[in-house]
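With PDB, C-alpha atoms and all ligand atoms inside, this is upload.pdb:
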MODEL        1
ATOM      1  CA  ASN U   1      45.781 -55.980-151.702
ATOM      2  CA  THR U   2      45.661 -59.442-153.142
ATOM      3  CA  GLN U   3      48.765 -60.864-154.745
ATOM      4  CA  GLY U   4      48.984 -63.780-157.129
ATOM      5  CA  SER U   5      47.756 -65.104-160.430
ATOM      6  CA  GLU U   6      44.424 -65.133-162.281
ATOM      7  CA  ASN U   7      43.752 -68.850-162.292
ATOM      8  CA  SER U   8      44.239 -69.533-158.615
ATOM      9  CA  LYS U   9      42.683 -71.994-156.196
ATOM     10  CA  GLY U  10      41.382 -69.122-154.124
ATOM     11  CA  THR U  11      42.616 -66.429-151.801
ATOM     12  CA  LEU U  12      44.284 -67.236-148.500
ATOM     13  CA  SER U  13      44.735 -64.849-145.640
ATOM     14  CA  VAL U  14      48.301 -64.603-144.320
ATOM     15  CA  VAL U  15      49.352 -62.836-141.127
ATOM     16  CA  THR U  16      52.821 -61.756-140.061
ATOM     17  CA  GLU U  17      54.441 -59.471-137.512
ATOM     18  CA  SER U  18      56.940 -56.949-138.827
ATOM     19  CA  GLY U  19      59.120 -56.659-135.718
ATOM     20  CA  PHE U  20      61.374 -59.465-136.833
ATOM     21  CA  MET U  21      64.035 -58.202-139.207
ATOM     22  CA  PRO U  22      65.380 -59.737-141.466
ATOM     23  CA  PHE U  23      62.505 -62.249-141.642
ATOM     24  CA  SER U  24      59.575 -59.844-141.524
ATOM     25  CA  TYR U  25      59.900 -56.071-141.267
ATOM     26  CA  LEU U  26      58.739 -52.823-142.809
ATOM     27  CA  ASP U  27      60.828 -51.147-145.492
ATOM     28  CA  LYS U  28      59.394 -47.692-146.222
ATOM     29  CA  GLY U  29      56.030 -48.930-144.993
ATOM     30  CA  GLU U  30      56.047 -52.112-147.099
ATOM     31  CA  LEU U  31      56.443 -55.607-145.719
ATOM     32  CA  ALA U  32      59.868 -56.993-146.565
ATOM     33  CA  GLY U  33      62.122 -59.840-145.515
ATOM     34  CA  PHE U  34      63.081 -63.436-146.114
ATOM     35  CA  ASP U  35      59.782 -64.802-144.800
ATOM     36  CA  ILE U  36      57.772 -62.322-146.870
ATOM     37  CA  GLU U  37      59.539 -63.415-150.068
ATOM     38  CA  LEU U  38      59.409 -67.073-149.101
ATOM     39  CA  ILE U  39      55.655 -67.044-148.528
ATOM     40  CA  ASP U  40      55.152 -65.197-151.828
ATOM     41  CA  ALA U  41      57.094 -67.913-153.654
ATOM     42  CA  VAL U  42      55.231 -70.661-151.790
ATOM     43  CA  MET U  43      51.824 -69.177-152.615
ATOM     44  CA  ASN U  44      52.713 -68.794-156.276
ATOM     45  CA  GLU U  45      54.019 -72.345-156.387
ATOM     46  CA  ALA U  46      50.926 -73.707-154.651
ATOM     47  CA  GLY U  47      48.627 -71.651-156.895
ATOM     48  CA  TYR U  48      46.881 -69.473-154.313
ATOM     49  CA  ASN U  49      46.249 -65.758-154.232
ATOM     50  CA  TYR U  50      46.764 -64.252-150.828
ATOM     51  CA  ASP U  51      46.281 -61.195-148.685
ATOM     52  CA  ILE U  52      49.020 -60.488-146.199
ATOM     53  CA  LYS U  53      48.327 -58.523-143.034
ATOM     54  CA  ASN U  54      50.853 -57.163-140.610
ATOM     55  CA  VAL U  55      49.596 -57.557-137.040
ATOM     56  CA  GLY U  56      51.323 -57.854-133.658
ATOM     57  CA  TRP U  57      52.834 -61.104-132.413
ATOM     58  CA  GLU U  58      49.965 -61.969-130.060
ATOM     59  CA  SER U  59      47.279 -60.997-132.594
ATOM     60  CA  MET U  60      49.035 -63.053-135.233
ATOM     61  CA  LEU U  61      48.898 -66.183-133.080
ATOM     62  CA  ALA U  62      45.291 -65.481-132.098
ATOM     63  CA  ALA U  63      44.242 -64.998-135.736
ATOM     64  CA  VAL U  64      45.598 -68.427-136.652
ATOM     65  CA  GLN U  65      44.169 -70.090-133.576
ATOM     66  CA  ASN U  66      40.641 -68.834-134.230
ATOM     67  CA  GLY U  67      40.886 -69.499-137.962
ATOM     68  CA  GLU U  68      40.615 -65.833-138.983
ATOM     69  CA  ALA U  69      43.885 -66.303-140.849
ATOM     70  CA  ASP U  70      44.835 -69.323-142.952
ATOM     71  CA  LEU U  71      48.482 -69.177-142.004
ATOM     72  CA  ALA U  72      51.211 -67.143-140.334
ATOM     73  CA  ILE U  73      54.877 -66.622-141.033
ATOM     74  CA  ALA U  74      57.316 -64.535-138.953
ATOM     75  CA  GLY U  75      60.215 -66.678-137.801
ATOM     76  CA  ILE U  76      57.815 -68.779-135.765
ATOM     77  CA  THR U  77      59.503 -71.613-133.925
ATOM     78  CA  ILE U  78      58.006 -75.081-134.119
ATOM     79  CA  ASN U  79      57.746 -76.590-130.642
ATOM     80  CA  ASP U  80      55.704 -79.214-128.827
ATOM     81  CA  ASP U  81      53.809 -76.653-126.827
ATOM     82  CA  ARG U  82      52.542 -74.851-129.921
ATOM     83  CA  LYS U  83      51.836 -78.125-131.734
ATOM     84  CA  GLN U  84      48.983 -78.663-129.272
ATOM     85  CA  THR U  85      47.242 -75.608-130.710
ATOM     86  CA  TYR U  86      48.604 -75.224-134.246
ATOM     87  CA  ASP U  87      49.882 -77.227-137.171
ATOM     88  CA  PHE U  88      53.197 -76.421-138.834
ATOM     89  CA  SER U  89      54.836 -76.874-142.204
ATOM     90  CA  SER U  90      58.108 -78.730-142.425
ATOM     91  CA  PRO U  91      60.933 -76.683-140.894
ATOM     92  CA  TYR U  92      62.384 -74.057-143.235
ATOM     93  CA  PHE U  93      65.052 -72.360-141.127
ATOM     94  CA  GLU U  94      67.327 -73.370-138.250
ATOM     95  CA  SER U  95      67.699 -70.891-135.430
ATOM     96  CA  THR U  96      69.065 -70.500-131.921
ATOM     97  CA  HIS U  97      69.241 -67.623-129.449
ATOM     98  CA  LYS U  98      71.786 -64.910-128.708
ATOM     99  CA  ILE U  99      72.261 -62.387-125.948
ATOM    100  CA  VAL U 100      72.594 -58.765-127.092
ATOM    101  CA  PHE U 101      74.106 -56.309-124.589
ATOM    102  CA  ARG U 102      75.706 -52.852-124.420
ATOM    103  CA  GLU U 103      79.289 -52.691-125.594
ATOM    104  CA  GLY U 104      81.857 -53.141-122.895
ATOM    105  CA  GLU U 105      79.836 -55.337-120.536
ATOM    106  CA  ASN U 106      81.511 -58.598-119.724
ATOM    107  CA  ILE U 107      78.915 -61.076-120.960
ATOM    108  CA  THR U 108      80.252 -64.208-122.579
ATOM    109  CA  SER U 109      77.704 -66.882-121.678
ATOM    110  CA  GLY U 110      74.179 -67.373-120.388
ATOM    111  CA  GLU U 111      75.341 -67.499-116.777
ATOM    112  CA  ASP U 112      76.546 -63.897-117.035
ATOM    113  CA  ILE U 113      73.014 -62.500-117.308
ATOM    114  CA  LYS U 114      71.733 -64.333-114.223
ATOM    115  CA  ASP U 115      71.787 -61.212-112.058
ATOM    116  CA  LEU U 116      71.068 -58.660-114.781
ATOM    117  CA  LYS U 117      67.920 -57.042-116.114
ATOM    118  CA  VAL U 118      66.878 -58.907-119.233
ATOM    119  CA  GLY U 119      64.426 -57.872-121.959
ATOM    120  CA  VAL U 120      62.521 -60.366-124.106
ATOM    121  CA  GLN U 121      59.517 -60.509-126.401
ATOM    122  CA  SER U 122      56.675 -62.064-124.434
ATOM    123  CA  GLY U 123      55.400 -65.441-125.517
ATOM    124  CA  THR U 124      58.466 -66.280-127.590
ATOM    125  CA  THR U 125      61.059 -68.982-127.330
ATOM    126  CA  GLY U 126      63.571 -66.219-126.518
ATOM    127  CA  ALA U 127      61.518 -65.433-123.412
ATOM    128  CA  GLU U 128      61.614 -69.113-122.450
ATOM    129  CA  ALA U 129      65.363 -69.221-123.026
ATOM    130  CA  ALA U 130      65.855 -66.247-120.687
ATOM    131  CA  GLU U 131      63.567 -67.819-118.089
ATOM    132  CA  LYS U 132      65.646 -70.968-118.168
ATOM    133  CA  ILE U 133      68.581 -68.884-116.967
ATOM    134  CA  LEU U 134      66.916 -66.444-114.554
ATOM    135  CA  GLY U 135      63.806 -68.395-113.560
ATOM    136  CA  THR U 136      60.207 -68.382-114.793
ATOM    137  CA  ASN U 137      58.544 -64.960-114.401
ATOM    138  CA  HIS U 138      61.682 -63.663-112.686
ATOM    139  CA  PRO U 139      61.221 -59.989-111.687
ATOM    140  CA  ASN U 140      64.404 -59.028-113.569
ATOM    141  CA  ILE U 141      62.855 -60.176-116.842
ATOM    142  CA  SER U 142      60.924 -57.492-118.711
ATOM    143  CA  LYS U 143      58.536 -58.818-121.332
ATOM    144  CA  TYR U 144      57.685 -56.657-124.341
ATOM    145  CA  GLU U 145      55.055 -57.069-127.027
ATOM    146  CA  ALA U 146      57.670 -56.750-129.735
ATOM    147  CA  ASN U 147      61.300 -57.563-130.123
ATOM    148  CA  THR U 148      61.918 -54.015-131.352
ATOM    149  CA  LEU U 149      60.686 -52.668-127.993
ATOM    150  CA  ALA U 150      63.080 -54.920-126.106
ATOM    151  CA  PHE U 151      65.939 -53.527-128.213
ATOM    152  CA  MET U 152      64.804 -49.958-127.475
ATOM    153  CA  SER U 153      64.898 -50.718-123.763
ATOM    154  CA  LEU U 154      68.413 -52.015-124.111
ATOM    155  CA  GLN U 155      69.481 -48.776-125.790
ATOM    156  CA  SER U 156      67.803 -46.629-123.166
ATOM    157  CA  GLY U 157      69.327 -48.665-120.336
ATOM    158  CA  ASP U 158      66.083 -50.052-118.923
ATOM    159  CA  VAL U 159      67.472 -53.546-119.429
ATOM    160  CA  ASP U 160      71.068 -54.789-119.562
ATOM    161  CA  ALA U 161      70.589 -57.561-122.090
ATOM    162  CA  VAL U 162      68.107 -58.909-124.626
ATOM    163  CA  VAL U 163      67.659 -62.587-125.462
ATOM    164  CA  THR U 164      66.326 -63.155-128.960
ATOM    165  CA  ASP U 165      66.755 -65.260-132.089
ATOM    166  CA  ASN U 166      70.339 -65.305-133.345
ATOM    167  CA  VAL U 167      69.791 -63.932-136.851
ATOM    168  CA  VAL U 168      67.543 -61.147-135.574
ATOM    169  CA  ALA U 169      70.181 -60.311-132.960
ATOM    170  CA  SER U 170      73.036 -60.123-135.455
ATOM    171  CA  GLU U 171      70.948 -58.095-137.915
ATOM    172  CA  TYR U 172      70.149 -55.581-135.176
ATOM    173  CA  VAL U 173      73.778 -55.273-134.063
ATOM    174  CA  LYS U 174      74.903 -54.850-137.673
ATOM    175  CA  ASN U 175      72.251 -52.235-138.546
ATOM    176  CA  ASN U 176      72.641 -50.150-135.402
ATOM    177  CA  PRO U 177      76.303 -49.205-134.994
ATOM    178  CA  ASP U 178      75.281 -46.099-133.027
ATOM    179  CA  ALA U 179      73.444 -48.218-130.456
ATOM    180  CA  LYS U 180      76.832 -49.510-129.239
ATOM    181  CA  VAL U 181      75.641 -53.026-128.647
ATOM    182  CA  GLU U 182      77.240 -56.386-129.237
ATOM    183  CA  MET U 183      76.243 -60.000-128.821
ATOM    184  CA  ILE U 184      77.771 -63.083-127.283
ATOM    185  CA  GLU U 185      79.892 -65.268-129.527
ATOM    186  CA  ASP U 186      79.140 -68.349-127.459
ATOM    187  CA  THR U 187      77.107 -70.960-129.295
ATOM    188  CA  ASP U 188      76.693 -73.486-126.458
ATOM    189  CA  THR U 189      74.301 -71.597-124.209
ATOM    190  CA  PHE U 190      71.147 -72.072-126.259
ATOM    191  CA  GLU U 191      69.544 -74.961-128.079
ATOM    192  CA  SER U 192      68.781 -75.088-131.760
ATOM    193  CA  GLU U 193      65.217 -74.772-133.028
ATOM    194  CA  PHE U 194      63.392 -74.533-136.348
ATOM    195  CA  TYR U 195      60.976 -72.084-137.938
ATOM    196  CA  GLY U 196      57.835 -73.269-139.676
ATOM    197  CA  ILE U 197      54.777 -71.810-141.372
ATOM    198  CA  MET U 198      51.933 -71.952-138.849
ATOM    199  CA  PHE U 199      48.372 -73.135-139.623
ATOM    200  CA  PRO U 200      45.143 -73.589-137.683
ATOM    201  CA  LYS U 201      44.831 -77.171-136.467
ATOM    202  CA  ASP U 202      43.591 -79.541-139.171
ATOM    203  CA  SER U 203      43.656 -76.850-141.855
ATOM    204  CA  GLU U 204      42.869 -78.104-145.332
ATOM    205  CA  VAL U 205      45.691 -76.124-146.940
ATOM    206  CA  THR U 206      48.603 -77.357-144.832
ATOM    207  CA  GLU U 207      49.486 -80.236-147.104
ATOM    208  CA  ASP U 208      49.264 -78.142-150.253
ATOM    209  CA  ILE U 209      51.422 -75.347-148.854
ATOM    210  CA  ASN U 210      53.876 -77.802-147.419
ATOM    211  CA  SER U 211      54.367 -79.596-150.705
ATOM    212  CA  ALA U 212      54.917 -76.227-152.449
ATOM    213  CA  LEU U 213      57.570 -75.426-149.823
ATOM    214  CA  LYS U 214      59.204 -78.788-150.516
ATOM    215  CA  THR U 215      59.203 -78.099-154.257
ATOM    216  CA  LEU U 216      60.966 -74.762-153.688
ATOM    217  CA  ILE U 217      63.562 -76.450-151.515
ATOM    218  CA  ASP U 218      64.113 -79.192-154.107
ATOM    219  CA  ASN U 219      64.253 -76.912-157.146
ATOM    220  CA  GLY U 220      66.748 -74.409-155.746
ATOM    221  CA  THR U 221      64.372 -71.463-155.297
ATOM    222  CA  TYR U 222      64.741 -71.675-151.536
ATOM    223  CA  ALA U 223      68.540 -71.700-151.853
ATOM    224  CA  GLU U 224      68.423 -68.575-154.029
ATOM    225  CA  LEU U 225      66.321 -66.743-151.471
ATOM    226  CA  TYR U 226      68.588 -67.934-148.694
ATOM    227  CA  GLU U 227      71.648 -66.704-150.558
ATOM    228  CA  LYS U 228      69.994 -63.332-151.217
ATOM    229  CA  TRP U 229      69.180 -62.761-147.549
ATOM    230  CA  PHE U 230      71.852 -64.617-145.644
ATOM    231  CA  GLY U 231      74.715 -65.189-148.104
ATOM    232  CA  GLU U 232      78.058 -63.574-147.281
TER     233      GLU U 232
HETATM  234  N1  LIG U 301      61.232 -67.621-133.034
HETATM  235  C1  LIG U 301      60.638 -67.001-131.906
HETATM  236  C2  LIG U 301      59.384 -67.706-131.501
HETATM  237  O1  LIG U 301      58.771 -68.327-132.307
HETATM  238  C3  LIG U 301      60.343 -65.521-132.140
HETATM  239  C4  LIG U 301      59.441 -65.238-133.306
HETATM  240  C5  LIG U 301      59.032 -63.788-133.437
HETATM  241  O2  LIG U 301      59.216 -62.984-132.547
HETATM  242  N2  LIG U 301      58.463 -63.396-134.538
HETATM  243  O3  LIG U 301      58.989 -67.664-130.384
ENDMDL
END
Turn this file's structure into structure tokens for me.
Amino acid sequence: NTQGSENSKGTLSVVTESGFMPFSYLDKGELAGFDIELIDAVMNEAGYNYDIKNVGWESMLAAVQNGEADLAIAGITINDDRKQTYDFSSPYFESTHKIVFREGENITSGEDIKDLKVGVQSGTTGAEAAEKILGTNHPNISKYEANTLAFMSLQSGDVDAVVTDNVVASEYVKNNPDAKVEMIEDTDTFESEFYGIMFPKDSEVTEDINSALKTLIDNGTYAELYEKWFGE
């Protein structure tokens, strides 16, 4: 279904992956989250209609790379590696990583998972962060297609810890009291990174979308959304 106004510049195709609560997830079958509302505001501001499709992480990246989609949003980290293949908007959210583990385990820093079984979402910066500690392609690292699957493995005991983005980690711990999981307090283990909207290289809409994002940051709309989703 296409969302937006009558007098638009055209319809853009947006892809996301819904395994990334609270940025992009399914609420009673409907896409919801900070990123979903942010991209809606950006598209309205920029004057585009858009279709939004929920696909897996890998398919989302592929769709942008081959130009099938005009842009992607799902807590995607801007990094040099990806900049070779994609273009990004200005950063819109600062992130880092956290370790989630079963209650009672004595894990207080990155070093403590060195000899444990660790679950990550493959192809993410969380996977890289775990590999920095255990070693690239270490046999104790299990890579899943979705973050949600890594969390399920933690609950079932297949892995001892999950490394993922900090806000996604805290949302999961908060929403799943029965899972009996907690996360490290430590903020020194992992580096900070930034999320951006992802475009095919040399896309013609990047500048337009980016300036709409800037307008929303300048006019307080972004702050309102931020407060709604992340305010105390
Ligand atoms: N921020 C992480 C990355 O870009 C994870 C994003 C996600 O899983 N949706 O690699």
Exercise for review: Identify, on the basis of only C-alpha atoms, every residue whose closest approach to region 74-91 of chain U does not exceed 9 Å; exclude the query and any residue fewer than 6 positions from it along the same chain; express the result as a ChimeraX atom specification.
Suggested key: /U:15-20,23-24,35-36,57,64-65,124-125,165,193-203,206-207,209-211,213-214
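Neighbours of Ala129 (chain U) closer than or equal to 8 Å, with all atoms listed in the file counted and sequence neighbours fewer than 3 positions away skipped, come out as His97, Thr125, Gly126, Lys132, Ile133, Val163 and Phe190 of chain U.
Between CA of Tyr25 (chain U) and CA of Glu204 (chain U) the separation is 28.1 Å.
For the pair CA of Lys53 (chain U) and CA of Gly123 (chain U), the separation is 20.1 Å.
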Revision key, fill the gap. A straight line from CA of Ala146 (chain U) to CA of Thr189 (chain U) spans 23.0 Å
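Running the PyMOL selection byres (((chain U and resi 168) around 9) and not hetatm) on this file leaves Phe20, Met21, Pro22, Phe23, Lys98, Thr164, Asp165, Asn166, Val167, Ala169, Ser170, Glu171, Tyr172 and Val173 of chain U selected.
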Exercise for review: Go through U:Ala223, U:Val100, U:Leu61, U:Leu116 one by one, measure the shortest atom-to-atom distance of each to ligand LIG 301 (chain U) using only C-alpha atoms and all ligand atoms, and give the residue with the smallest value.
Suggested key: U:Leu61
Point to revise | Residues selected by the PyMOL selection byres (((chain U and resi 152-161) around 9) and not hetatm), written as a ChimeraX atom specification | key: /U:99-102,105,113,116-120,140-142,147-151,162-163,179-181
Practice item. Enumerate, as a ChimeraX atom specification, the residues matched when the PyMOL selection byres (((chain U and resi 41-44) around 8) and not hetatm) is run on the file above. Key: /U:4-5,37-40,45-50,209,212-213,216
Would you put the residues from that selection into a file with C-alpha atoms, as an mmCIF file, keeping the file's coordinate frame?
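After the write, out_11.cif holds the following:
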data_model
loop_
_atom_site.group_PDB
_atom_site.id
_atom_site.type_symbol
_atom_site.label_atom_id
_atom_site.label_comp_id
_atom_site.auth_asym_id
_atom_site.auth_seq_id
_atom_site.Cartn_x
_atom_site.Cartn_y
_atom_site.Cartn_z
ATOM 1 C CA GLY U 4 48.984 -63.780 -157.129
ATOM 2 C CA SER U 5 47.756 -65.104 -160.430
ATOM 3 C CA GLU U 37 59.539 -63.415 -150.068
ATOM 4 C CA LEU U 38 59.409 -67.073 -149.101
ATOM 5 C CA ILE U 39 55.655 -67.044 -148.528
ATOM 6 C CA ASP U 40 55.152 -65.197 -151.828
ATOM 7 C CA GLU U 45 54.019 -72.345 -156.387
ATOM 8 C CA ALA U 46 50.926 -73.707 -154.651
ATOM 9 C CA GLY U 47 48.627 -71.651 -156.895
ATOM 10 C CA TYR U 48 46.881 -69.473 -154.313
ATOM 11 C CA ASN U 49 46.249 -65.758 -154.232
ATOM 12 C CA TYR U 50 46.764 -64.252 -150.828
ATOM 13 C CA ILE U 209 51.422 -75.347 -148.854
ATOM 14 C CA ALA U 212 54.917 -76.227 -152.449
ATOM 15 C CA LEU U 213 57.570 -75.426 -149.823
ATOM 16 C CA LEU U 216 60.966 -74.762 -153.688
#
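Ranking U:Asn106, U:Asn54, U:Asn66, U:Asn175 by their shortest atom-to-atom distance to ligand LIG 301 (chain U), with only C-alpha atoms and all ligand atoms included, puts U:Asn54 first.
Taking all atoms listed in the file into account, the protein, DNA and RNA residues within 12 Å of (41.4, -62.7, -150.0) read Asn1, Thr2, Gln3, Gly4, Ser8, Lys9, Gly10, Thr11, Leu12, Ser13, Val14, Val15, Tyr48, Asn49, Tyr50, Asp51, Ile52, Lys53, Glu68, Ala69 and Asp70 of chain U.
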Padding 5 Å on each side, edges along x, y and z: where is the centre of the box around the listed atoms of ligand LIG 301 (chain U), and how long are its edges in Å to one decimal? Output it as AutoDock Vina command-line options.
--center_x 59.8 --center_y -65.7 --center_z -132.5 --size_x 12.8 --size_y 15.3 --size_z 14.2
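Taking all atoms listed in the file into account, ligand LIG 301 (chain U) lies nearest to U:Ser192 out of the set U:Gly104, U:Glu232, U:Gly110, U:Ser192.
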Should you be able to, write region 116-130 of chain U of this structure into a file that contains N, CA and C atoms, as a PDB file, in the first residue's frame.
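Full text of part.pdb as output:
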ATOM      1  N   LEU U 116      33.066 -18.072  25.779  1.00  0.00           N
ATOM      2  CA  LEU U 116      31.661 -18.493  25.794  1.00  0.00           C
ATOM      3  C   LEU U 116      31.129 -18.651  24.371  1.00  0.00           C
ATOM      4  N   LYS U 117      29.927 -19.229  24.302  1.00  0.00           N
ATOM      5  CA  LYS U 117      29.242 -19.321  23.007  1.00  0.00           C
ATOM      6  C   LYS U 117      28.428 -18.048  22.797  1.00  0.00           C
ATOM      7  N   VAL U 118      28.671 -17.399  21.671  1.00  0.00           N
ATOM      8  CA  VAL U 118      28.098 -16.074  21.448  1.00  0.00           C
ATOM      9  C   VAL U 118      27.227 -16.068  20.182  1.00  0.00           C
ATOM     10  N   GLY U 119      26.030 -15.531  20.293  1.00  0.00           N
ATOM     11  CA  GLY U 119      25.131 -15.410  19.152  1.00  0.00           C
ATOM     12  C   GLY U 119      25.101 -13.984  18.618  1.00  0.00           C
ATOM     13  N   VAL U 120      25.085 -13.862  17.303  1.00  0.00           N
ATOM     14  CA  VAL U 120      25.024 -12.540  16.661  1.00  0.00           C
ATOM     15  C   VAL U 120      24.150 -12.635  15.413  1.00  0.00           C
ATOM     16  N   GLN U 121      23.777 -11.474  14.898  1.00  0.00           N
ATOM     17  CA  GLN U 121      23.101 -11.439  13.594  1.00  0.00           C
ATOM     18  C   GLN U 121      24.179 -11.302  12.530  1.00  0.00           C
ATOM     19  N   SER U 122      24.163 -12.202  11.548  1.00  0.00           N
ATOM     20  CA  SER U 122      25.264 -12.209  10.578  1.00  0.00           C
ATOM     21  C   SER U 122      25.272 -10.942   9.735  1.00  0.00           C
ATOM     22  N   GLY U 123      26.451 -10.494   9.417  1.00  0.00           N
ATOM     23  CA  GLY U 123      26.600  -9.319   8.561  1.00  0.00           C
ATOM     24  C   GLY U 123      26.309  -7.996   9.239  1.00  0.00           C
ATOM     25  N   THR U 124      26.257  -7.988  10.553  1.00  0.00           N
ATOM     26  CA  THR U 124      25.996  -6.740  11.279  1.00  0.00           C
ATOM     27  C   THR U 124      27.249  -6.271  12.010  1.00  0.00           C
ATOM     28  N   THR U 125      27.180  -5.049  12.469  1.00  0.00           N
ATOM     29  CA  THR U 125      28.296  -4.517  13.242  1.00  0.00           C
ATOM     30  C   THR U 125      28.393  -5.224  14.600  1.00  0.00           C
ATOM     31  N   GLY U 126      27.283  -5.760  15.089  1.00  0.00           N
ATOM     32  CA  GLY U 126      27.316  -6.555  16.322  1.00  0.00           C
ATOM     33  C   GLY U 126      28.150  -7.813  16.127  1.00  0.00           C
ATOM     34  N   ALA U 127      28.019  -8.427  14.946  1.00  0.00           N
ATOM     35  CA  ALA U 127      28.826  -9.611  14.629  1.00  0.00           C
ATOM     36  C   ALA U 127      30.306  -9.238  14.612  1.00  0.00           C
ATOM     37  N   GLU U 128      30.615  -8.096  14.006  1.00  0.00           N
ATOM     38  CA  GLU U 128      32.016  -7.641  13.980  1.00  0.00           C
ATOM     39  C   GLU U 128      32.540  -7.377  15.384  1.00  0.00           C
ATOM     40  N   ALA U 129      31.683  -6.790  16.218  1.00  0.00           N
ATOM     41  CA  ALA U 129      32.091  -6.471  17.588  1.00  0.00           C
ATOM     42  C   ALA U 129      32.417  -7.755  18.353  1.00  0.00           C
ATOM     43  N   ALA U 130      31.604  -8.794  18.143  1.00  0.00           N
ATOM     44  CA  ALA U 130      31.857 -10.077  18.812  1.00  0.00           C
ATOM     45  C   ALA U 130      33.136 -10.706  18.271  1.00  0.00           C
TER      46      ALA U 130
END
